[in-house]
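Each remark here refers to the structure printed beneath this line.
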Amino acid sequence: MAVAPVQDAIVESRKGVLWELQRNRKFTIGGAIFLAMLLIALISGMMIDPDLRKSGSFPQRLPPGEGTLFGTTSLGQSVAIQLTEAIPNSVQVGLIAAAVGTILGALIGFVSGYFGGKVDNVLRILIDVFLSVPSLLFLILIAALLRGVGVTAMALIIGAFAWPSPARQVRAQVLSLKERGFVQVARLSGMNGMEIILIELMPHMFQWLGANFVNAFIAAVLAESGLSILGLGPSREMTLGMMIYWALNYSAIFQNLWWWWLAPVITLMALFLSLYLVHIGFDEVSNPRLRTEG
Amino acid sequence: MTALLEADDITKIFGSGVGRRIETVALRDFSFRIETTRPLITGVVGESGSGKSTMARLLLGLEEPTKGAVRYRGADLRHLSNTQRAAFRREVQAVFQDPFESFNSFYKVDHMLETPIRKFKLAASKGEAHQLILNALGAVGLRPEETLGRFPHQLSGGQRQRVMVARALLLNPKLIVADEPVSMIDASLRATVLTALRTLRDEFGISLIYITHDLTTAFQICDDIIVLYRGYVAEVGDVTKVVKDPKHPYTQLLVSSIPRPDPDRQWSEEPEPSALAGTANPDKGCLFAARCPHAFEPCLRAIPQLYRTDARRAATCYLHQDAPTLALDQMDELLMAASGETEPQVTR
Amino acid sequence: MNPYIRYIGERLILLLATIFISMTVVFFVPRMVPGEPMNAIFANMAAVGGSMNAQEMIVEYRVRFGLDRPVWVQYLSFWRELAQGNLGISISNFPSEVSGMLLSALPWTLGLLTVTTLISWIAGSVIGAVIGWRGRKAGVARLMVPVALVLYTTPYYILALILVFVFAFHWPIFPLSGAYSVGMRPGLNTAFIVDVVRHAVLPALSILLVSLGWWFLSMRSLIISLKGEDYILNAEAMGIKERRILWGYAFRNALLPQTTGLAISLGHIVGGALITEVIFAYPGIGYRIYNAIKSLDYPLIQGGVLLIIISVALANFLIDAAYPLIDPRIRFEGSGGS
Amino acid sequence: MTSILEVNDLRVYFHTPRGMVKAVDNVTFDVHAGERFGLIGESGSGKSTIALAIMRLIRSPGRIESGEIRLEGENLLALSDEEMRQRRLAGVAMVTQGAMNSLNPVMRIRQQFADGLNSHGETVTVDEAREQLVDLLARVGLKPEAADVYPHQLSGGMKQRVCIALAMSLRPSLIIADEPTSALDVVVQRQVVQTLRQVQEELDAAVILIGHDMGLMAQFASRVGVMYAGKLVEEGPVRAIFRQPEHPYTRILMESLPSLDEKETLQVVKGAPPSAADRPAGCVFHPRCPFVMDRCIQEEPLFREVAPEQWAACHLHDEPAAAHSLSREVAE
Amino acid sequence: AVPAGPSAADMERAQTLNIAVSRPFADPTLFNIYAPGFDRSRTGLGAMVHEYLFYLNMETGEFVPWLAESYEYNDDYTEITVNLRDGVMWSDGEAFTADDIVFTYEMLRNNPALTWANESNKAVANVEKIDDLTAKFILTEPNPRQHLVRETFPAVGVWSGITIVPEHIWRDVEDPVTFKFDPPIGTGPYLLESATESAFSYTRRDDWWGTEVFGVTPAPAKVNFMHVGPETSVALSLSANEIDSPAIGILSPGAFMSVKERNPNIKAWTEEAPYAWYDPCPRALLFQMGKPPMDDPLVRKGISSLIDRDQIVALAYEGATVVSDNVWPEYSGLQPYKDAIADVIAASAVTYNPEAAEQYFTEAGYAKDADGFWAKDGERLAPLLMTNGDTPEAMKVTAVIVDQLETGGVAVEFQPLGGAVVDAAILAGEYDLYGPQAFCPGTIYENMELFHGKFFVPLGEPAPWYERNSFRYANPEYDAAVDAMLVALGENADEATLIDIYRQAMEVWYNDLPVTPLNQAPALVPFNYTYWDGWPSAENPWMMPVNWWATMNLLLTGYESVETGEWVPGIRAAGQ
Ligand SMILES: Nc1ncnc2c1ncn2[C@@H]1O[C@H](COP(=O)(O)OP(=O)(O)OP(=O)(O)O)[C@@H](O)[C@H]1O
Ligand SMILES: Nc1ncnc2c1ncn2[C@@H]1O[C@H](COP(=O)(O)OP(=O)(O)OP(=O)(O)O)[C@@H](O)[C@H]1O
Ligand SMILES: [Mg+2]
Ligand SMILES: [Mg+2]
């Protein structure tokens with residue numbers, strides 16, 4: 001059969017997903033950039049005197065280099081120091097929201113796909129409904145009404161709206177996976193539904209869930225920054241979105257305080273880009289055809 | 001005496017398309033019985049889509065019949081207690097078609113062998129479990145050092161399929177359902193798996209339902225054979241009789257279509273369908289009528305019954321309507337009768 | 001029954017379910033928030049020094065809006081009114097009618113979004129197909145891949161800000177904001193249309209470029225995986241011209257998942273346009289809803305969200321309905337369930 | 001007899017991240033005009049790769065490393081891409097492996113047929129093309145309606161026959177059919193192979209049938225080549241291959257075939273086929289060969305004529321005694 | 001720079017005045033100034049179409065007669081008789097008469113849901129027509145300042161207030177609450193030409209009564225109130241001369257300075273920092289005195305001493321205002337009052353002084369815990385600081401305050417709220433600290449009155465308004481002083497008496513410190529001199545530099561000086 005060569009490639013790739021992933025250039029480069037950004041932020045964040053985060057700790061509107069690495073804001077804060085707080089916070093939003101969304105989605109998708117029947121019908125409609133509803137609208141609705149929430153609450157809210165897409169795709173995956181021979185063999189070996197899902201199916205979803213997680217991560221950081229720019233962000237904690245919010249509030253673009261708004265923007269883009277590379281890496285590992293092209 | 005496994009007039013209908021409106025009768029009015037008295041290999045052959053796999057899945061309890069019931073030691077599979085179910089799983093096992101698909105590629109081969117031991121508590125200790133595995137592998141002619149500790153893709157197709165057989169063997173079953181166990185395996189490896197299967201009957205006294213579309217291998221290893229056509233039994237009986245002297249026109253077509261690996265024995269021409277065949281109604285009458293070279297008027301009216309053309313065989317064809325009919329649920333009697341007779345095995 | 005009709009029926013049920021569920025959410029969520037919506041009215045009055053702490057007035061206005069009744073009565077009456085096409089009166093802009101406020105904003109949002117979505121979808125798909133197909137042979141055009149990556153990973157509001165800065169300020173080629181010049185009278189004349197288009201360029205571009213990147217990447221990877229399909233190989237073995245294989249075989253088949261993607265992302269595009277509207281002061285519906293949400297203007301929130309959800313769900317429905325036209329398998333057999 | 005196709009010393013390697021896969025290694029054979037040539041071998045032995053190499057459709061990471069493929073004397077490997085495209089269908093047509101999925105699911109059959117014609121200088125409308133197509137479909141035993149349907153409305157056997165009909169459209173001098181029946185049951189198999197045979201006779205084209213079913217080969221081919229692990233190990237007239245195989249692999253293959261005439265003990269071939277990426281040194285078959293000699297482990301045997309018209313790559317033929325034992329065994 | 005060639009577009013631009021507003025117009029078909037949803041401050045309708053009997057020029061202190069020529073109270077301040085100007089016409093040609101005034105007040109009485117109806121019905125019992133040009137307002141209680149209260153009397157100093165509507169149109173209206181008043185008919189010099197979500201456009205009338213009566217025509221042929229986008233867009237438009245003046249609250253000082261650099265024709269009230277004119281609404285931070293811990297004046301003073309107001313001005317306002325130690329604007333007329341209490345202020349806790357804060361907290365029983373935060377009985381002083389998250393100014397100011405309080409050892413919890421949610425929370429008093437809050441209208445008595453105990457309601461019930469005692473202040477001693485002030489005003493007492501009463505009140509006030517003053521309210525409103533000249537400025541303070549109040553029409557037309565009787569001209573085309 002024509003799929004034989006490809007299948008052969010898949011056969012070989014079962015050497016281990018992690019092995020395969022760490023060999024993928026996009027995955028490693030993306031992951032390295034991401035981790036480097038996060039670690040630098042975390043470590044330098046720990047070394048910085050917390051009082052230096054306060055407004056007025058530095059002269060206002062200094063361009064980069066003059067005493068501070070990335071310049072200062074109109075509120076007299078160091079942009080670099082803000083970044084050390086903003087990157088981990090934004091990453092935290094992404095992590096929590098993506099985890100909530102992916103776990104919720106995976107659960108719903110699994111249940112819907114594996115058990116089928118009426119449960120499936122109801123869940124399917126629910127998934128379809130939430131997929132076609134502009135979730136940002138609801139996010140704004142909730143964020144506007146629960147003003148002043150912190151990073152974690154924010155992430156939870158975003159995560160609560162991030163499940164439909166993974167649910168739909170997990171469901172499709174489970175539908176096809178559960179017809180696979182090894183699932184039947186597992187049933188004959190006496191495994192029950194939950195064991196099959198966890199032991200037999202989960203590993204096969206791994207790459208896919210990984211890719212989805214990264215995607216949800218990106219979407220969550222994007223949503224957070226969007227809400228923040230509208231002034232609905234976590235106001236007491238610094239995130240990349242809040243940095244942009246403050247920069248816009250002080251019309252940094254117009255005042256040509258480019259370091260102020262460009263720093264979070266570039267960080268955000270680097271974050272997205274690195275995560276997207278990781279995402280492509282996951283994709284390529286689970287779909288070897290994509291790999292042959294550069 | 002209750003049979004080990006009994007299919008009582010089962011029918012399976014699949015719905016597909018929007019709202020499951022398009023119905024496929026995958027298996028109709030099928031009855032069958034496996035006793036524990038004497039190990040037998042029963043072949044099930046038929047063209048693609050004739051319901052072979054469906055039958056297997058029904059017997060294994062992986063699918064529920066639309067009508068009728070499958071019983072394990074007299075108990076309906078749908079209502080087994082937990083202990084009954086565990087016993088059923090142990091006594092009735094399976095080997096599937098695709099030796100790669102049957103393995104979870106994330107785990108070593110050992111996973112496949114250890115799981116049933118763990119789930120059915122077959123061993124008291126690790127060492128005992130290991131011994132069980134070694135025995136099972138030995139029984140199918142595999143050396144542990146070239147199987148255990150490896151990933152599925154590191155084994156050849158034949159080895160993988162034999163591990164599957166060993167897995168079934170571990171549970172010390174009474175019956176193994178093998179759905180096309182060799183169709184995905186290279187010619188040079190096929191014989192090893194078939195030999196392993198035959199060993200099950202001869203050395204371990206395990207009955208086997210051997211599902212295949214390859215009449216040649218069925219002929220080689222089976223005692224009895226059931227020929228399915230579009231979900232119903234076309235012909236059933238002793239394998240040698242069925243192959244050498246098919247009574248149902250479909251079986252005849254099947255046998256004559258087999259390409260002989262001999263350049264000097266060319267295919268005969270496919271017989272022309274009869275003049276009446278064109279008027280056959282797909283919803284009524286014999287399902288084969290539309291392709292049948294012998295179709296005549298009665299064939300268009302109703303599905304024929306099983307006619308017992310001789311002691312060890314019956315065919316669902318009006319050509320034999322003079323022979324006594326055999327109720328579907330008596331089919332197993334015929335098979336048992338066939339096996340009961342001590343006919344010398346054809347050996348080389 | 002004709003499978004296509006059944007299929008459409010299923011989609012229709014989904015459409016109604018979508019509207020029903022979302023509207024129920026939109027009805028109840030704001031009402032769970034501890035806030036007095038009537039304050040919007042008094043905030044307006046108080047801003048000019050009027051009507052402070054007039055409890056009688058609050059009561060009067062609550063009655064006017066039916067908020068004195070139990071929530072479920074309000075809920076039923078909401079659907080009853082809706083069935084009669086009545087969206088009610090805005091609280092924060094009392095006595096403006098919700099329908100009027102939304103209808104005046106709707107064409108702008110819809111116009112902007114339909115045009116940009118279609119352009120980006122078509123352009124992204126076509127470029128993605130060509131570059132995905134040509135693979136290493138695409139030469140410099142392959143630079144489009146990193147470009148698309150960067151575009152896709154740039155939040156659209158950031159892009160909007162940059163566009164404003166570059167094309168409206170540094171090189172004032174396009175107007176800064178708004179949908180048309182102040183003083184222009186809306187009408188179907190060339191001057192007005194040209195003006196509208198000029199104003200739409202930057203907001204459109206910010207949405208377009210970002211989603212173009214996405215469609216490009218998605219189509220490219222679809223085409224790359226489709227290249228391995230048997231029918232592509234067979235078409236090549238038949239010596240069919242490359243261009244024909246690309247468009248007739250690879251692209252046609254990639255369109256199916258790409259269309260599904262379009263349906264799914266519509267919701268996101270609509271949501272995303274909101275911030276763009278804010279930045280460009282584009283008189284769209286998003287900004288209006290945003291303000292309605294902030295002032296707890298129940299009728300306006302309900303009306304606005306309803307409108308968006310109906311548009312998105314309807315667009316989804318249309319895409320679904322059109323889907324069988326490009327996939328004959330559905331036309332003859334139906335969706336098959338999943 | 002004139003050779004319509006000459007394959008000389010063809011080598012096709014796949015450069016995978018895990019190392020090089022020698023999918024086809026030093027393969028040489030001819031196909032004569034009007035001949036039915038069978039290519040058999042186990043999964044992964046390189047049969048499809050040869051077919052694709054002839055069509056010049058090897059995809060990355062595969063590459064034709066060296067060799068020559070002459071179709072009617074013209075070296076296909078020297079043609080430009082466009083020239084090669086012109087040769088496809090017109091000079092050499094292919095029924096691809098897995099023809100189940102070989103038709104564009106969103107296009108009616110007649111449109112796909114018209115695309116084929118229009119890409120070869122013939123400007124026909126879909127309607128004109130349809131007439132020709134109906135004619136071709138009739139030859140493969142299909143009703144005219146088949147022209148107007150979408151692929152999913154056809155059964156597997158019908159799809160295979162449509163593919164054969166499409167391959168005939170420009171009367172090529174060579175048709176390559178890569179396992180055209182692997183997914184079909186025997187009754188349909190017979191129909192498809194007989195159709196192919198009939199078409200071959202009508203067009204007087206040469207046909208290369210690729211498969212692993214010995215029975216089909218015996219029924220169809222006049223000459224057979226046997227592949228093993230990227231090598232052509234034996235080639236000869238069909239009767240010779242079935243009656244007097246000169247390579248141990250072929251021999252064992254023949255012996256392990258179950259028969260429908262008598263019940264017999266099945267012959268078991270020891271060992272497993274070599275994995276794709278790691279071909280044994282020396283003779284590729286030596287790990288499984290019952291006649292293995294020291295020489296086989298080190299030295300690759302040459303592919304040469306060992307009997308009239310019959311070629312094989314085996315060291316046994318250098319050792320008359322051993323060769324004798326081989327033929328004696330077979331004779332028994 | 002002045003446009004080079006006089007193209008048609010340029011010509012038109014040169015005759016047009018463009019005002020940038022902060023938000024789009026929600027419903028451009030609604031022109032009923034009494035409807036609660038009507039957008040009074042941005043549409044310009046109150047200035048362009050409607051006119052009032054008198055205008056208060058707060059800058060000069062003049063009370064300018066406009067539709068009326070004069071007013072007089074009766075002896076006990078229970079009646080005001082107003083003499084209307086002859087020759088005033090509605091824009092549809094009907095004459096403006098006392099009937100219109102009588103009708104307007106009747107309408108308010110019959111429709112209590114209208115804006116200002118509540119206030120007006122409480123203050124004005126009835127309006128009687130004496131003749132076409134004379135109307136008599138009968139008040140419910142004596143009030144010598146009635147003519148200054150725009151919510152109950154048709155004279156304005158700030159935004160629109162009671163606005164006389166044409167009887168001949170409104171009398172047929174069924175429900176004035178939902179009436180849209182399209183097209184709006186007024187007596188003003190401009191006619192509404194078109195209204196969209198993004199712009200209200202007005203054209204000058206040729207038949208304005210004022211042209212005949214005063215002999216003047218306002219300079220701009222067209223006036224647009226337009227929404228061009230957020231701050232950056234406004235700043236860009238201003239730099240590009242597309243805008244002549246933005247409304248208040250749009251341009252931050254930083255952006256303004258950048259605009260100034262790019263376009264030297266842009267100037268604000270002062271040439272140097274703080275640039276801003278002071279809005280009459282100084283900012284302060286509210287303490288919730290209805291519950292602990294802010295019911296303790298020592299805690300309030302402690303917190304007040306931790307606030308570095310200079311830093312707020314520098315960081316949050318980017319230097320565009322000055323600190324304030326009281327809640328009255330920096331207008332020269334009020335200076336004697338401030339001077340009089342200088343010693344009281346100096347002794348109070350309204351300046352930054354961390355050591356003093358330590359003393360206050362210690363005295364209140366607090367001590368610093370291990371992490372350096374003030375705590376009492378094991379409980380940290382962790383006041384909830386609310387603010388209105390919708391306004392950038394509030395976010396900026398609170399960002400600084402939170403940091404300052406934390407530095408001083410107060411573990412503030414910060415909660416910005418928005419929209420409808422914030423109103424409910426503030427009125428119910430759910431905060432410990434709220435700010436920055438504007439204190440308007442900035443006149444001595446009115447701002448004193450805001451703290452009067454008559455506005456007190458218990459916690460949980462909605463207070464009358466934010467600054468109208470949502471902080472739950474009640475001190476009879478203070479109330480007595482305020483009451484005495486009203487009496488003194490009614491008796492036309494001299495300034496010395498008034499200042500004396502003021503001093504008494506402020507002694508109590510500073511001792512209690514119900515709110516703590518932060519800074520003056522900056523009204524950073526630049527003007528573009530490219531097309532228009534004659535804008536008011538600190539050097540030529542002839543008028544308040546505002547475009548969002550009803551007084552803006554005086555900016556365009558000018559007015560007859562009450563003191564000299566000469567015509568003070570409005571803005572004029574540049575170069576003339
Ligand atoms: N899950 C299913 N849903 C719908 N139809 C099904 C399903 N499984 C089987 N069928 C249909 O039931 C019929 C019998 O299928 P089955 O798989 O039993 O055939 P088979 O004899 O095993 O064929 P093959 O030789 O191809 O394996 C076919 O028409 C098939 O399409
Ligand atoms: N794209 C590819 N990448 C890597 N290896 C490949 C690729 N395509 C084929 N191969 C390898 O080339 C070898 C020959 O493959 P080929 O498809 O020609 O075998 P075949 O004889 O046609 O097998 P089958 O009977 O399964 O069709 C195999 O070992 C396969 O693994
Ligand atoms: Mg099957
Ligand atoms: Mg092949």
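Identifiers in this document derive from the order of the structure tokens: chains are assigned A, B, ..., residues are numbered from 1 separately in each chain, and ligands are numbered from 1 in order of occurrence.
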
As an mmCIF file with C-alpha atoms, in the first residue's frame, please: the residues near Leu226 of chain C (cut-off 9 Å, only C-alpha atoms, same-chain neighbours under 3 positions excluded).
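Just written: out-v1.cif:
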```cif
data_model
loop_
_atom_site.group_PDB
_atom_site.id
_atom_site.type_symbol
_atom_site.label_atom_id
_atom_site.label_comp_id
_atom_site.auth_asym_id
_atom_site.auth_seq_id
_atom_site.Cartn_x
_atom_site.Cartn_y
_atom_site.Cartn_z
ATOM 1 C CA ARG A 289 4.965 14.484 5.918
ATOM 2 C CA SER C 221 0.941 22.763 5.593
ATOM 3 C CA LEU C 222 -2.282 21.301 4.210
ATOM 4 C CA ILE C 223 -0.828 21.262 0.732
ATOM 5 C CA GLU C 229 -1.859 11.555 -1.369
ATOM 6 C CA ASP C 230 -2.279 8.774 -3.872
ATOM 7 C CA ILE C 232 -1.771 13.456 -6.462
ATOM 8 C CA ALA C 250 -4.260 19.558 -4.283
ATOM 9 C CA PHE C 251 -5.950 22.917 -3.743
ATOM 10 C CA ASN C 253 -8.992 19.040 -1.616
ATOM 11 C CA ALA C 254 -7.178 21.340 0.792
#
```

Inset, instruction - Considering only C-alpha atoms, extract the chain C residues located within 8 Å of chain A and return them as a VMD selection string. - result: chain C and resid 14 to 15 17 to 18 21 to 22 29 to 30 33 135 to 136 149 to 150 153 to 155 157 to 158 165 221 224 to 225 228 230 263 to 272 275 290 293 to 294 305 309 312 to 313 316 338

Inset, instruction - Would you please extract all helix (DSSP H, G or I) residues from segment 149-274 of chain C, as assigned by DSSP on the backbone, and give them as a ChimeraX atom specification? - result: /C:149-153,156-170,190-226,230-237,242-274

Residues of chain B at most 10 Å from chain A: nearest atom pair and distance in Å, only C-alpha atoms, as CSV:
```
residue,atom,partner,partner_atom,distance
B:Arg57,CA,A:Gln184,CA,9.5
B:Leu60,CA,A:Leu188,CA,8.2
B:Gly61,CA,A:Leu188,CA,9.3
B:Leu62,CA,A:Gln184,CA,7.6
B:Arg85,CA,A:Gly190,CA,8.9
B:Ala86,CA,A:Gly190,CA,7.2
B:Phe88,CA,A:Leu188,CA,9.6
B:Arg89,CA,A:Leu188,CA,6.1
B:Arg90,CA,A:Ser189,CA,8.3
B:Val92,CA,A:Leu188,CA,8.8
B:Gln93,CA,A:Leu188,CA,6.9
B:Ala94,CA,A:Leu188,CA,7.6
B:Val95,CA,A:Val185,CA,8.3
B:Phe96,CA,A:Gly181,CA,7.3
B:Gln97,CA,A:Gly181,CA,8.5
B:Asp98,CA,A:Gly181,CA,7.3
B:Pro99,CA,A:Gly181,CA,8.7
B:Phe100,CA,A:Gly181,CA,8.4
B:Glu101,CA,A:Gly181,CA,5.0
B:Ser102,CA,A:Phe182,CA,4.1
B:Phe103,CA,A:Phe182,CA,5.1
B:Asn104,CA,A:Phe182,CA,5.5
B:Ser105,CA,A:Arg14,CA,6.3
B:Phe106,CA,A:Arg14,CA,6.6
B:Tyr107,CA,A:Glu200,CA,9.0
B:Met112,CA,A:Ala186,CA,8.1
B:Leu113,CA,A:Ser189,CA,9.0
B:Glu114,CA,A:Ser189,CA,9.3
B:Thr115,CA,A:Ser189,CA,6.4
B:Pro116,CA,A:Ser189,CA,4.6
B:Ile117,CA,A:Ser189,CA,8.4
B:Arg118,CA,A:Gly190,CA,9.1
B:Lys119,CA,A:Gly190,CA,5.8
B:Phe120,CA,A:Gly190,CA,7.1
B:Phe151,CA,A:Lys15,CA,8.2
B:Pro152,CA,A:Val11,CA,8.6
B:His153,CA,A:Val11,CA,5.8
B:Gln154,CA,A:Glu12,CA,8.8
B:Met164,CA,A:Val185,CA,9.1
B:Arg167,CA,A:Ser189,CA,8.8
B:Ala168,CA,A:Ser189,CA,8.8
B:Leu171,CA,A:Ser189,CA,9.0
```

Go ahead and write the residues just picked, C-alpha atoms, as a short mmCIF file (atom, residue, chain, number, x, y, z; two decimals), in the first residue's frame.
```
data_model
loop_
_atom_site.label_atom_id
_atom_site.label_comp_id
_atom_site.auth_asym_id
_atom_site.auth_seq_id
_atom_site.Cartn_x
_atom_site.Cartn_y
_atom_site.Cartn_z
CA ARG B 57 -16.40 -8.89 17.00
CA LEU B 60 -15.77 -11.51 21.23
CA GLY B 61 -18.31 -9.21 22.78
CA LEU B 62 -16.68 -6.16 21.23
CA ARG B 85 -16.68 -11.50 32.26
CA ALA B 86 -13.20 -12.15 33.51
CA PHE B 88 -15.02 -15.09 29.40
CA ARG B 89 -12.08 -12.88 28.57
CA ARG B 90 -9.73 -15.63 29.64
CA VAL B 92 -12.21 -16.58 24.58
CA GLN B 93 -9.35 -14.69 23.05
CA ALA B 94 -8.46 -13.14 19.76
CA VAL B 95 -5.71 -12.50 17.25
CA PHE B 96 -6.30 -9.69 14.84
CA GLN B 97 -5.40 -8.99 11.28
CA ASP B 98 -2.86 -6.27 11.51
CA PRO B 99 0.21 -7.27 13.47
CA PHE B 100 1.35 -3.70 13.76
CA GLU B 101 -1.94 -2.08 14.67
CA SER B 102 -2.51 -4.57 17.44
CA PHE B 103 0.47 -3.27 19.31
CA ASN B 104 0.59 -0.01 21.13
CA SER B 105 3.69 1.43 19.60
CA PHE B 106 4.54 3.30 22.77
CA TYR B 107 5.22 0.22 24.78
CA MET B 112 1.21 -6.62 25.73
CA LEU B 113 2.12 -9.83 27.53
CA GLU B 114 2.14 -8.49 31.05
CA THR B 115 -1.17 -6.70 30.93
CA PRO B 116 -3.39 -9.79 30.79
CA ILE B 117 -1.35 -11.45 33.53
CA ARG B 118 -1.82 -8.42 35.71
CA LYS B 119 -5.45 -7.86 34.91
CA PHE B 120 -6.47 -11.48 35.33
CA PHE B 151 9.52 -2.34 20.64
CA PRO B 152 6.96 -3.70 18.18
CA HIS B 153 8.64 -2.10 15.21
CA GLN B 154 11.80 -3.98 15.98
CA MET B 164 -0.19 -11.91 19.54
CA ARG B 167 -0.62 -13.34 24.33
CA ALA B 168 -3.83 -15.22 23.67
CA LEU B 171 -4.74 -16.83 29.25
#
```

Legend entry - Picked from segment 81-193 of chain B by DSSP as strand (DSSP E), as a count of residues only: 9

Return as a tab-separated table the residues of chain D lying at most 8 Å from ligand 4, together with the closest atom-to-atom pair for each and the distance in Å to one decimal, counting only C-alpha atoms and all ligand atoms, with rows in chain order and ascending residue number.
```
residue	atom	partner	partner_atom_place_in_ligand_line	distance
D:Ser43	CA	ligand 4	1 (Mg)	6.7
D:Gly44	CA	ligand 4	1 (Mg)	6.8
D:Gly46	CA	ligand 4	1 (Mg)	6.9
D:Lys47	CA	ligand 4	1 (Mg)	5.5
D:Ser48	CA	ligand 4	1 (Mg)	3.9
D:Thr49	CA	ligand 4	1 (Mg)	7.0
D:Gln97	CA	ligand 4	1 (Mg)	6.4
D:Asp178	CA	ligand 4	1 (Mg)	6.7
D:Glu179	CA	ligand 4	1 (Mg)	7.1
D:Ile210	CA	ligand 4	1 (Mg)	7.8
D:Gly211	CA	ligand 4	1 (Mg)	7.9
```

For ligand 1, return the neighbouring residues as a compact mmCIF listing (two decimals) with C-alpha atoms, in the first residue's frame (distance at most 6 Å; only C-alpha atoms and all ligand atoms).
```txt
# COMPACT_ATOMS: atom_id res chain seq x y z
CA PHE B 14 -25.07 -0.92 11.01
CA GLY B 15 -26.51 2.45 10.27
CA SER B 16 -24.43 5.00 8.47
CA THR B 24 -26.04 -2.31 6.26
CA ALA B 26 -23.48 -7.00 8.23
CA GLU B 47 -15.47 -11.69 0.16
CA SER B 48 -14.69 -8.32 1.60
CA GLY B 49 -17.63 -6.91 3.52
CA SER B 50 -19.34 -10.26 3.86
CA GLY B 51 -19.49 -9.88 7.63
CA LYS B 52 -16.55 -11.96 8.76
CA SER B 53 -15.04 -9.38 11.07
CA THR B 54 -18.45 -8.42 12.34
```

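Proximity to segment 182-196 of chain B at 6 Å, evaluated using only C-alpha atoms and with sequence-adjacent residues fewer than 4 positions away removed, yields Val140, Gly157 and Gly158 of chain B; Glu42, Leu266, Val268 and Val269 of chain D.
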
Inset, instruction - Would you give me, as a ChimeraX atom specification, the residues of chain D that come within 8 Å of chain B, using only C-alpha atoms? - result: /D:42-43,184-187,190,212,214-219,238-239,242,252-253,256-260,262-269,272-273

Inset, instruction - May I have the residues of chain E within 8 Å of chain A, counting only C-alpha atoms, written as a ChimeraX atom specification? - result: /E:231-232,235-236,252,254-255,258,311,315-316,318,389-390,392,399-400,403,407,414-418,421

Inset, instruction - For Met238 of chain C, please output as a ChimeraX atom specification all residues within 12 Å (counting only C-alpha atoms; exclusion window: fewer than 4 positions along the same chain). - result: /C:231-234,242,244-245 /D:55-57,84-96,102-103,112-120,163-170,172,175-176

Inset, instruction - Could you give me, as number ranges by chain, the residues within 12 Å of Thr259 of chain C, counting only C-alpha atoms and dropping anything in the same chain fewer than 5 positions from it? - result: C: 118, 121-122, 125, 215, 218-219, 222, 251-254, 264-266, 315-327

Inset, instruction - Tell me, as a PyMOL selection string, which residues lie within 9 Å of Arg503 of chain E, counting only C-alpha atoms; anything in the same chain fewer than 5 positions away does not count. - result: chain E and resi 337+340-341+344+498+508

Inset, instruction - Tell me which of C:Ile13, C:Ala237, C:Val63, C:Ile8 sits closest to chain B, counting only C-alpha atoms. - result: C:Ile8
